[in-house]
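Student: Contents of structure-v2.tsv (TSV, C-alpha atoms) are given next:
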chain	number	residue	atom	x	y	z
N	1	MET	CA	2.99	43.15	3.97
N	2	PRO	CA	-0.02	41.33	5.50
N	3	ARG	CA	-0.45	39.52	2.19
N	4	LEU	CA	3.19	38.37	2.31
N	5	HIS	CA	2.64	37.12	5.87
N	6	ARG	CA	-0.39	35.12	4.75
N	7	VAL	CA	1.56	33.60	1.84
N	8	PHE	CA	4.44	32.72	4.15
N	9	ALA	CA	2.06	31.18	6.71
N	10	LEU	CA	0.39	29.12	3.97
N	11	ILE	CA	3.76	27.83	2.76
N	12	VAL	CA	4.70	26.83	6.32
N	13	LEU	CA	1.40	24.99	6.77
N	14	LEU	CA	1.86	23.14	3.48
N	15	LEU	CA	5.39	22.11	4.43
N	16	LEU	CA	4.19	20.90	7.84
N	17	ALA	CA	1.39	18.91	6.21
N	18	GLN	CA	3.82	17.32	3.76
N	19	HIS	CA	6.21	16.48	6.61
N	20	ALA	CA	3.41	14.87	8.64
N	21	ALA	CA	2.31	12.82	5.64
N	22	ALA	CA	5.89	11.74	4.97
N	23	ASP	CA	6.26	10.61	8.59
N	24	LYS	CA	3.29	8.23	8.32
N	25	LEU	CA	4.15	4.59	7.83
N	26	ARG	CA	2.43	3.17	4.77
N	27	LEU	CA	0.81	-0.11	5.80
N	28	VAL	CA	-0.28	-2.56	3.11
N	29	ALA	CA	-2.10	-5.88	2.90
N	30	ASP	CA	-4.45	-7.81	0.67
N	31	ALA	CA	-8.09	-8.58	1.51
N	32	TRP	CA	-8.03	-11.44	4.04
N	33	PRO	CA	-10.92	-11.10	6.47
N	34	PRO	CA	-11.05	-11.04	9.43
N	35	PHE	CA	-7.34	-10.17	9.55
N	36	THR	CA	-7.07	-7.49	6.85
N	37	ASP	CA	-9.99	-5.95	5.02
N	38	ALA	CA	-10.67	-2.27	4.34
N	39	THR	CA	-14.42	-2.83	4.81
N	40	LEU	CA	-13.98	-4.04	8.41
N	41	VAL	CA	-13.58	-1.95	11.57
N	42	ASN	CA	-10.06	-0.44	11.64
N	43	GLY	CA	-9.10	-2.56	8.63
N	44	GLY	CA	-9.60	-5.91	10.37
N	45	LEU	CA	-8.05	-7.66	13.36
N	46	ALA	CA	-4.43	-7.78	12.17
N	47	THR	CA	-4.45	-4.22	10.83
N	48	ASP	CA	-5.93	-2.97	14.11
N	49	ILE	CA	-3.32	-4.78	16.22
N	50	VAL	CA	-0.46	-3.60	14.01
N	51	SER	CA	-1.53	0.05	13.75
N	52	THR	CA	-2.22	0.18	17.52
N	53	ALA	CA	1.20	-1.24	18.40
N	54	LEU	CA	2.95	1.10	15.97
N	55	ALA	CA	1.05	4.09	17.36
N	56	ARG	CA	2.13	3.16	20.87
N	57	ALA	CA	5.71	2.99	19.56
N	58	GLY	CA	5.34	6.52	18.17
N	59	TYR	CA	4.52	5.84	14.51
N	60	ALA	CA	1.43	7.19	12.78
N	61	SER	CA	0.26	5.03	9.90
N	62	GLU	CA	-2.17	4.73	7.02
N	63	PHE	CA	-3.50	1.53	5.47
N	64	GLU	CA	-3.86	0.62	1.81
N	65	GLN	CA	-5.38	-2.61	0.50
N	66	VAL	CA	-3.99	-4.05	-2.73
N	67	PRO	CA	-3.59	-7.54	-4.24
N	68	TRP	CA	-0.92	-9.68	-2.57
N	69	ALA	CA	1.59	-9.61	-5.44
N	70	ARG	CA	1.38	-5.82	-5.64
N	71	ALA	CA	1.85	-5.53	-1.87
N	72	LEU	CA	5.07	-7.59	-1.97
N	73	LEU	CA	6.38	-5.71	-5.01
N	74	GLY	CA	5.60	-2.34	-3.42
N	75	LEU	CA	7.32	-3.33	-0.18
N	76	GLY	CA	10.44	-4.40	-2.04
N	77	GLU	CA	10.49	-1.13	-4.00
N	78	GLY	CA	9.90	0.99	-0.89
N	79	ARG	CA	6.47	2.28	-1.91
N	80	TYR	CA	5.09	0.67	1.26
N	81	ASP	CA	6.78	0.53	4.65
N	82	VAL	CA	4.99	-2.31	6.43
N	83	LEU	CA	3.34	-5.48	5.15
N	84	VAL	CA	0.74	-6.22	7.81
N	85	ASN	CA	0.19	-9.96	7.38
N	86	ALA	CA	3.29	-11.96	6.49
N	87	TRP	CA	4.16	-15.59	7.15
N	88	TYR	CA	7.89	-16.14	7.48
N	89	ALA	CA	9.69	-17.16	4.30
N	90	GLU	CA	13.44	-16.97	3.71
N	91	ASP	CA	13.11	-15.26	0.31
N	92	ARG	CA	11.10	-12.44	1.88
N	93	THR	CA	14.05	-11.44	4.07
N	94	ARG	CA	15.51	-9.88	0.91
N	95	LEU	CA	12.55	-7.46	0.89
N	96	GLY	CA	12.11	-6.63	4.54
N	97	GLN	CA	12.78	-7.34	8.20
N	98	PHE	CA	10.37	-9.60	10.06
N	99	SER	CA	8.99	-8.79	13.48
N	100	ALA	CA	8.41	-11.41	16.13
N	101	GLU	CA	5.08	-13.23	15.80
N	102	TYR	CA	2.00	-11.30	16.89
N	103	LEU	CA	-0.69	-13.83	15.90
N	104	ILE	CA	-0.85	-17.55	15.18
N	105	ASN	CA	-2.68	-18.96	12.15
N	106	ARG	CA	-3.95	-22.49	12.82
N	107	ILE	CA	-5.14	-24.42	9.77
N	108	ARG	CA	-7.85	-26.82	10.96
N	109	PHE	CA	-10.04	-29.44	9.33
N	110	ILE	CA	-13.83	-29.10	9.47
N	111	LYS	CA	-16.24	-32.05	9.28
N	112	ARG	CA	-19.91	-32.77	9.82
N	113	LYS	CA	-20.68	-33.26	13.51
N	114	ASP	CA	-22.14	-36.71	12.83
N	115	ALA	CA	-19.14	-37.91	10.79
N	116	PRO	CA	-16.87	-40.32	12.73
N	117	ILE	CA	-13.62	-38.89	11.36
N	118	GLU	CA	-10.40	-38.76	13.35
N	119	TYR	CA	-7.18	-37.07	12.33
N	120	ASN	CA	-3.73	-37.76	13.68
N	121	ASN	CA	-1.94	-38.04	10.34
N	122	LEU	CA	-2.81	-37.34	6.71
N	123	GLN	CA	-2.88	-41.02	5.81
N	124	GLN	CA	-6.07	-41.39	7.89
N	125	LEU	CA	-7.81	-38.93	5.55
N	126	HIS	CA	-6.96	-40.56	2.22
N	127	THR	CA	-10.43	-42.13	1.90
N	128	TYR	CA	-12.32	-38.84	2.41
N	129	PRO	CA	-13.08	-36.18	-0.24
N	130	VAL	CA	-11.67	-32.83	0.97
N	131	ALA	CA	-12.88	-29.50	-0.45
N	132	ILE	CA	-9.98	-27.07	-1.00
N	133	VAL	CA	-9.95	-23.51	-2.33
N	134	ARG	CA	-8.26	-23.21	-5.71
N	135	GLY	CA	-4.83	-21.61	-5.49
N	136	TYR	CA	-4.50	-21.90	-1.71
N	137	ALA	CA	-1.42	-23.31	0.00
N	138	TYR	CA	-2.28	-25.10	3.24
N	139	SER	CA	0.93	-26.87	4.28
N	140	PRO	CA	3.74	-28.51	2.30
N	141	ALA	CA	2.76	-32.00	3.51
N	142	PHE	CA	-0.91	-31.52	2.60
N	143	ASP	CA	-0.24	-29.78	-0.71
N	144	GLU	CA	2.19	-32.47	-1.86
N	145	ASP	CA	0.13	-35.50	-0.73
N	146	GLU	CA	-1.23	-36.92	-4.01
N	147	SER	CA	-3.24	-39.63	-2.22
N	148	LEU	CA	-5.65	-37.09	-0.74
N	149	GLN	CA	-8.96	-36.73	-2.62
N	150	LYS	CA	-8.89	-32.97	-3.13
N	151	VAL	CA	-11.99	-31.29	-4.57
N	152	PRO	CA	-11.16	-27.74	-5.77
N	153	VAL	CA	-13.81	-25.07	-5.15
N	154	HIS	CA	-13.97	-21.29	-5.52
N	155	ASN	CA	-14.08	-20.27	-1.86
N	156	PHE	CA	-14.40	-21.46	1.73
N	157	ALA	CA	-18.11	-20.60	1.97
N	158	LEU	CA	-18.86	-23.09	-0.80
N	159	ALA	CA	-16.54	-25.67	0.74
N	160	VAL	CA	-18.17	-25.60	4.17
N	161	ARG	CA	-21.67	-25.77	2.65
N	162	MET	CA	-20.56	-28.89	0.78
N	163	VAL	CA	-19.42	-30.43	4.07
N	164	ALA	CA	-22.73	-29.55	5.74
N	165	ALA	CA	-24.62	-31.11	2.81
N	166	ASP	CA	-22.39	-34.24	3.01
N	167	ARG	CA	-21.16	-33.71	-0.58
N	168	VAL	CA	-17.58	-33.89	0.75
N	169	LYS	CA	-16.36	-35.13	4.10
N	170	LEU	CA	-13.89	-32.39	5.01
N	171	THR	CA	-12.64	-28.93	4.31
N	172	LEU	CA	-9.95	-26.85	5.99
N	173	GLU	CA	-9.16	-23.22	6.70
N	174	ASP	CA	-7.41	-20.92	9.15
N	175	GLU	CA	-9.47	-21.09	12.35
N	176	TYR	CA	-10.10	-17.32	12.62
N	177	VAL	CA	-11.04	-17.08	8.95
N	178	ALA	CA	-13.36	-20.07	9.26
N	179	ARG	CA	-15.08	-18.65	12.34
N	180	TYR	CA	-15.53	-15.31	10.56
N	181	TYR	CA	-17.30	-16.93	7.61
N	182	LEU	CA	-19.24	-19.45	9.70
N	183	ALA	CA	-20.74	-16.57	11.71
N	184	ARG	CA	-22.21	-15.32	8.42
N	185	GLU	CA	-23.62	-18.70	7.36
N	186	SER	CA	-27.13	-19.94	8.07
N	187	ALA	CA	-27.72	-21.69	11.38
N	188	LYS	CA	-28.34	-24.89	9.41
N	189	VAL	CA	-24.81	-24.85	8.02
N	190	ARG	CA	-23.16	-23.45	11.14
N	191	ASN	CA	-24.71	-26.03	13.46
N	192	ALA	CA	-23.95	-28.98	11.18
N	193	VAL	CA	-20.16	-28.74	11.27
N	194	GLU	CA	-17.29	-28.72	13.75
N	195	PHE	CA	-13.50	-28.47	13.86
N	196	LEU	CA	-11.30	-31.51	14.26
N	197	PRO	CA	-9.18	-30.99	17.39
N	198	ARG	CA	-5.73	-31.38	15.84
N	199	PRO	CA	-4.56	-28.56	13.52
N	200	LEU	CA	-2.95	-29.39	10.20
N	201	SER	CA	-0.36	-26.66	10.71
N	202	GLU	CA	0.43	-23.54	12.69
N	203	ASN	CA	2.00	-20.50	11.09
N	204	SER	CA	3.17	-17.42	12.95
N	205	LEU	CA	2.00	-14.06	11.59
N	206	HIS	CA	4.47	-11.17	11.43
N	207	ILE	CA	4.83	-7.69	10.04
N	208	LEU	CA	7.48	-7.28	7.35
N	209	VAL	CA	9.15	-3.87	7.33
N	210	SER	CA	10.71	-2.73	4.05
N	211	LEU	CA	14.51	-2.64	3.97
N	212	LYS	CA	14.12	0.55	1.91
N	213	ASN	CA	12.96	2.30	5.08
N	214	PRO	CA	16.15	3.41	6.87
N	215	LYS	CA	14.42	2.97	10.24
N	216	HIS	CA	13.31	-0.63	9.66
N	217	GLU	CA	15.26	-2.02	12.63
N	218	GLN	CA	13.90	0.69	14.93
N	219	ILE	CA	10.33	0.13	13.70
N	220	VAL	CA	10.51	-3.63	14.28
N	221	ALA	CA	12.02	-3.19	17.74
N	222	GLY	CA	9.31	-0.70	18.73
N	223	PHE	CA	6.56	-2.92	17.37
N	224	ASP	CA	7.81	-6.02	19.19
N	225	ARG	CA	8.15	-4.07	22.44
N	226	GLU	CA	4.62	-2.69	22.26
N	227	ILE	CA	3.03	-6.04	21.33
N	228	ALA	CA	4.59	-7.51	24.48
N	229	ARG	CA	3.28	-4.60	26.55
N	230	MET	CA	-0.21	-4.90	25.00
N	231	LYS	CA	-0.34	-8.57	25.95
N	232	ALA	CA	0.74	-7.69	29.49
N	233	ASP	CA	-1.74	-4.82	30.02
N	234	GLY	CA	-4.76	-6.58	28.50
N	235	SER	CA	-5.21	-4.29	25.47
N	236	TYR	CA	-4.21	-7.08	23.08
N	237	ALA	CA	-6.94	-9.37	24.45
N	238	ARG	CA	-9.45	-6.50	24.24
N	239	LEU	CA	-8.74	-6.05	20.54
N	240	LEU	CA	-9.31	-9.77	19.96
N	241	ARG	CA	-12.68	-9.55	21.73
N	242	GLN	CA	-13.66	-6.39	19.82
N	243	HIS	CA	-13.14	-8.27	16.58
N	244	GLY	CA	-15.18	-11.23	17.78
N	245	MET	CA	-12.25	-13.56	18.51
Spell out the structure here as structure tokens.
Tutor:
Amino acid sequence: MPRLHRVFALIVLLLLAQHAAADKLRLVADAWPPFTDATLVNGGLATDIVSTALARAGYASEFEQVPWARALLGLGEGRYDVLVNAWYAEDRTRLGQFSAEYLINRIRFIKRKDAPIEYNNLQQLHTYPVAIVRGYAYSPAFDEDESLQKVPVHNFALAVRMVAADRVKLTLEDEYVARYYLARESAKVRNAVEFLPRPLSENSLHILVSLKNPKHEQIVAGFDREIARMKADGSYARLLRQHGM
């Protein structure tokens, strides 16, 4: 009889563990430091904000990092519940429900401090070589402007070093991403460059909750509510500071 009790207790524990695992929301994103990166504290700034807001709304979660295409496919198929870092796009509404914005991505130009470059419209920049990262989309106007002298490079770190060395006149990147990488550059590079005041574009960052999850409306509503409360009680600002923003 005691043995039967132990077996029964073990089965109950296994079922409870499976239920708890099933109740966890499966968060997904690609590597995009400082917003999402499994090597950073709490998965990066965006992952930390999202998991904190969801926890406050009553949802435990776990984070997995995969390439972007796999993340979108998995969300559409229901293998993931929440895409952490989504810009709004109409076609994505067929995969999931967007939250309200919880961060703003500002794409800004970077120049040498001693370069007399002003930017109010793209036409002003047609005479300057601009280092861009291969495969990146910056804004429709910028991407489609064939008069810009675009110099493709492998990554932002190389682009900003080229600006500092005066091999190109400009590069551009999301402000938070740029600050993250600049903090890891040498003082020589970091002190040689600066942002132009006017951003190229601003994109709101959202979570995208899979339509395959029957509670997607409830999850989005809870997330939006808790983001608003975090901004009001100061915990949102504290997370920004903790991640160096």
Student: Between CA of Leu103 (chain N) and CA of Ala141 (chain N), what is the spacing in Å?
Tutor: 22.3 Å
Student: One decimal, in Å: what's the spacing between CA of Ser204 (chain N) and CA of Trp87 (chain N)?
Tutor: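 CA of Trp87 (chain N) lies at a distance of 6.2 Å from CA of Ser204 (chain N).
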Student: Taking into account only C-alpha atoms, which residue in the set N:Val151, N:Ile49, N:Ala86, N:Ala38 is nearest to Val209 (chain N)?
Tutor: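 The answer is N:Ala86, which sits nearest to Val209 (chain N).
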Student: Could you name the residues that touch Arg225 (chain N) at 9 Å or less, counting only C-alpha atoms, but leaving out those on the same chain fewer than 5 positions away, as a ChimeraX atom specification?
Tutor: /N:53,57,220,230
Student: Please provide as an NGL selection string all residues within 12 Å of Thr127 (chain N), with the sequence filter that same-chain residues fewer than 3 positions apart are discarded (counting all atoms listed in the file).
Tutor: :N and (117-118 or 122-124 or 130 or 147-150 or 168-170)
Student: Those residues you just picked out, can you put them in a file as a compact mmCIF listing (two decimals), in the frame of the given file with C-alpha atoms?
Tutor:
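Writing done, so here's result-v3.txt:
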# COMPACT_ATOMS: atom_id res chain seq x y z
CA ILE N 117 -13.62 -38.89 11.36
CA GLU N 118 -10.40 -38.76 13.35
CA LEU N 122 -2.81 -37.34 6.71
CA GLN N 123 -2.88 -41.02 5.81
CA GLN N 124 -6.07 -41.39 7.89
CA VAL N 130 -11.67 -32.83 0.97
CA SER N 147 -3.24 -39.63 -2.22
CA LEU N 148 -5.65 -37.09 -0.74
CA GLN N 149 -8.96 -36.73 -2.62
CA LYS N 150 -8.89 -32.97 -3.13
CA VAL N 168 -17.58 -33.89 0.75
CA LYS N 169 -16.36 -35.13 4.10
CA LEU N 170 -13.89 -32.39 5.01
Student: As a ChimeraX atom specification, please: the residues near Trp32 (chain N) (cut-off 12 Å, only C-alpha atoms, same-chain neighbours under 2 positions excluded).
Tutor: /N:28-30,34-40,43-47,65-68,84-86,174,176-178,180-181
Student: Give me, as a compact mmCIF listing (two decimals) with C-alpha atoms, in the coordinates of the input, all polymer residues having an atom no more than 9 Å from Gly76 (chain N), counting all atoms listed in the file and skipping those fewer than 5 positions away in the same chain.
Tutor:
# COMPACT_ATOMS: atom_id res chain seq x y z
CA ALA N 71 1.85 -5.53 -1.87
CA ARG N 92 11.10 -12.44 1.88
CA ARG N 94 15.51 -9.88 0.91
CA LEU N 95 12.55 -7.46 0.89
CA GLY N 96 12.11 -6.63 4.54
CA SER N 210 10.71 -2.73 4.05
CA LEU N 211 14.51 -2.64 3.97
CA LYS N 212 14.12 0.55 1.91
Student: What's the separation between CA of Glu175 (chain N) and CA of Asn105 (chain N), in Å to one decimal place?
Tutor: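 So the two atoms, CA of Glu175 (chain N) and CA of Asn105 (chain N), lie 7.1 Å apart.
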Student: Name the residues in contact with Ser235 (chain N) at a cut-off of 12 Å, using all atoms listed in the file, excluding same-chain residues fewer than 3 positions from it; report them as JSON, numbers by chain.
Tutor: {"N": [48, 49, 52, 53, 56, 226, 227, 228, 229, 230, 231, 232, 238, 239, 240, 241, 242]}
Student: Which of these residues is nearest to Gly58 (chain N), using all atoms listed in the file: N:Ala187, N:Leu25, N:Ala89, N:Ala165?
Tutor: N:Leu25
Student: Considering only C-alpha atoms, can you say which of N:Asp145, N:Tyr80, N:Val41, N:Ser51 comes closest to Arg26 (chain N)?
Tutor: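 When distances to Arg26 (chain N) are compared using only C-alpha atoms, the smallest one comes from N:Tyr80.
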Student: Out of N:Thr171, N:Ala237, N:Arg112, N:Ala159, which residue has the shortest atom-to-atom distance to Lys188 (chain N) when counting only C-alpha atoms?
Tutor: N:Arg112
Student: Could you check which of N:Ile219, N:Ala69, N:Met245, N:Leu196 is closest to Leu54 (chain N), using only C-alpha atoms?
Tutor: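 Going through N:Ile219, N:Ala69, N:Met245, N:Leu196 one by one, the smallest distance to Leu54 (chain N) is for N:Ile219.
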Student: Determine, using all atoms listed in the file, which residues of region 46-134 of chain N have any atom at most 9 Å from an atom of region 189-194 of chain N, and tabulate each with its shortest atom pair and distance in Å to one decimal place, rows ordered by chain and then rising number, as CSV.
Tutor:
residue,atom,partner,partner_atom,distance
N:Phe109,CA,N:Glu194,CA,8.5
N:Ile110,CA,N:Glu194,CA,5.5
N:Lys111,CA,N:Val193,CA,5.5
N:Arg112,CA,N:Val193,CA,4.3
N:Lys113,CA,N:Val193,CA,5.1
N:Asp114,CA,N:Ala192,CA,8.1
Student: Please produce a file of the residues just selected, as a JSON list (two decimals), in the coordinates of the input, where the atoms kept are C-alpha atoms.
Tutor:
[["chain", "number", "residue", "atom", "x", "y", "z"],
["N", 109, "PHE", "CA", -10.04, -29.44, 9.33],
["N", 110, "ILE", "CA", -13.83, -29.10, 9.47],
["N", 111, "LYS", "CA", -16.24, -32.05, 9.28],
["N", 112, "ARG", "CA", -19.91, -32.77, 9.82],
["N", 113, "LYS", "CA", -20.68, -33.26, 13.51],
["N", 114, "ASP", "CA", -22.14, -36.71, 12.83]]
Student: Taking all atoms of region 147-154 of chain N that the file lists and extending 5 Å past them on each side, where is the centre of the axis-aligned box and how long are its edges? Answer in Å to one decimal, as lines of an AutoDock Vina configuration file.
Tutor:
center_x = -8.6
center_y = -30.5
center_z = -3.3
size_x = 20.7
size_y = 28.3
size_z = 15.0
Student: Can you work out which one of N:Glu90, N:Glu146, N:Leu208, N:Val50 has the shortest atom-to-atom distance to Leu125 (chain N), counting all atoms listed in the file?
Tutor: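 Ranked by minimum distance to Leu125 (chain N), first place goes to N:Glu146.
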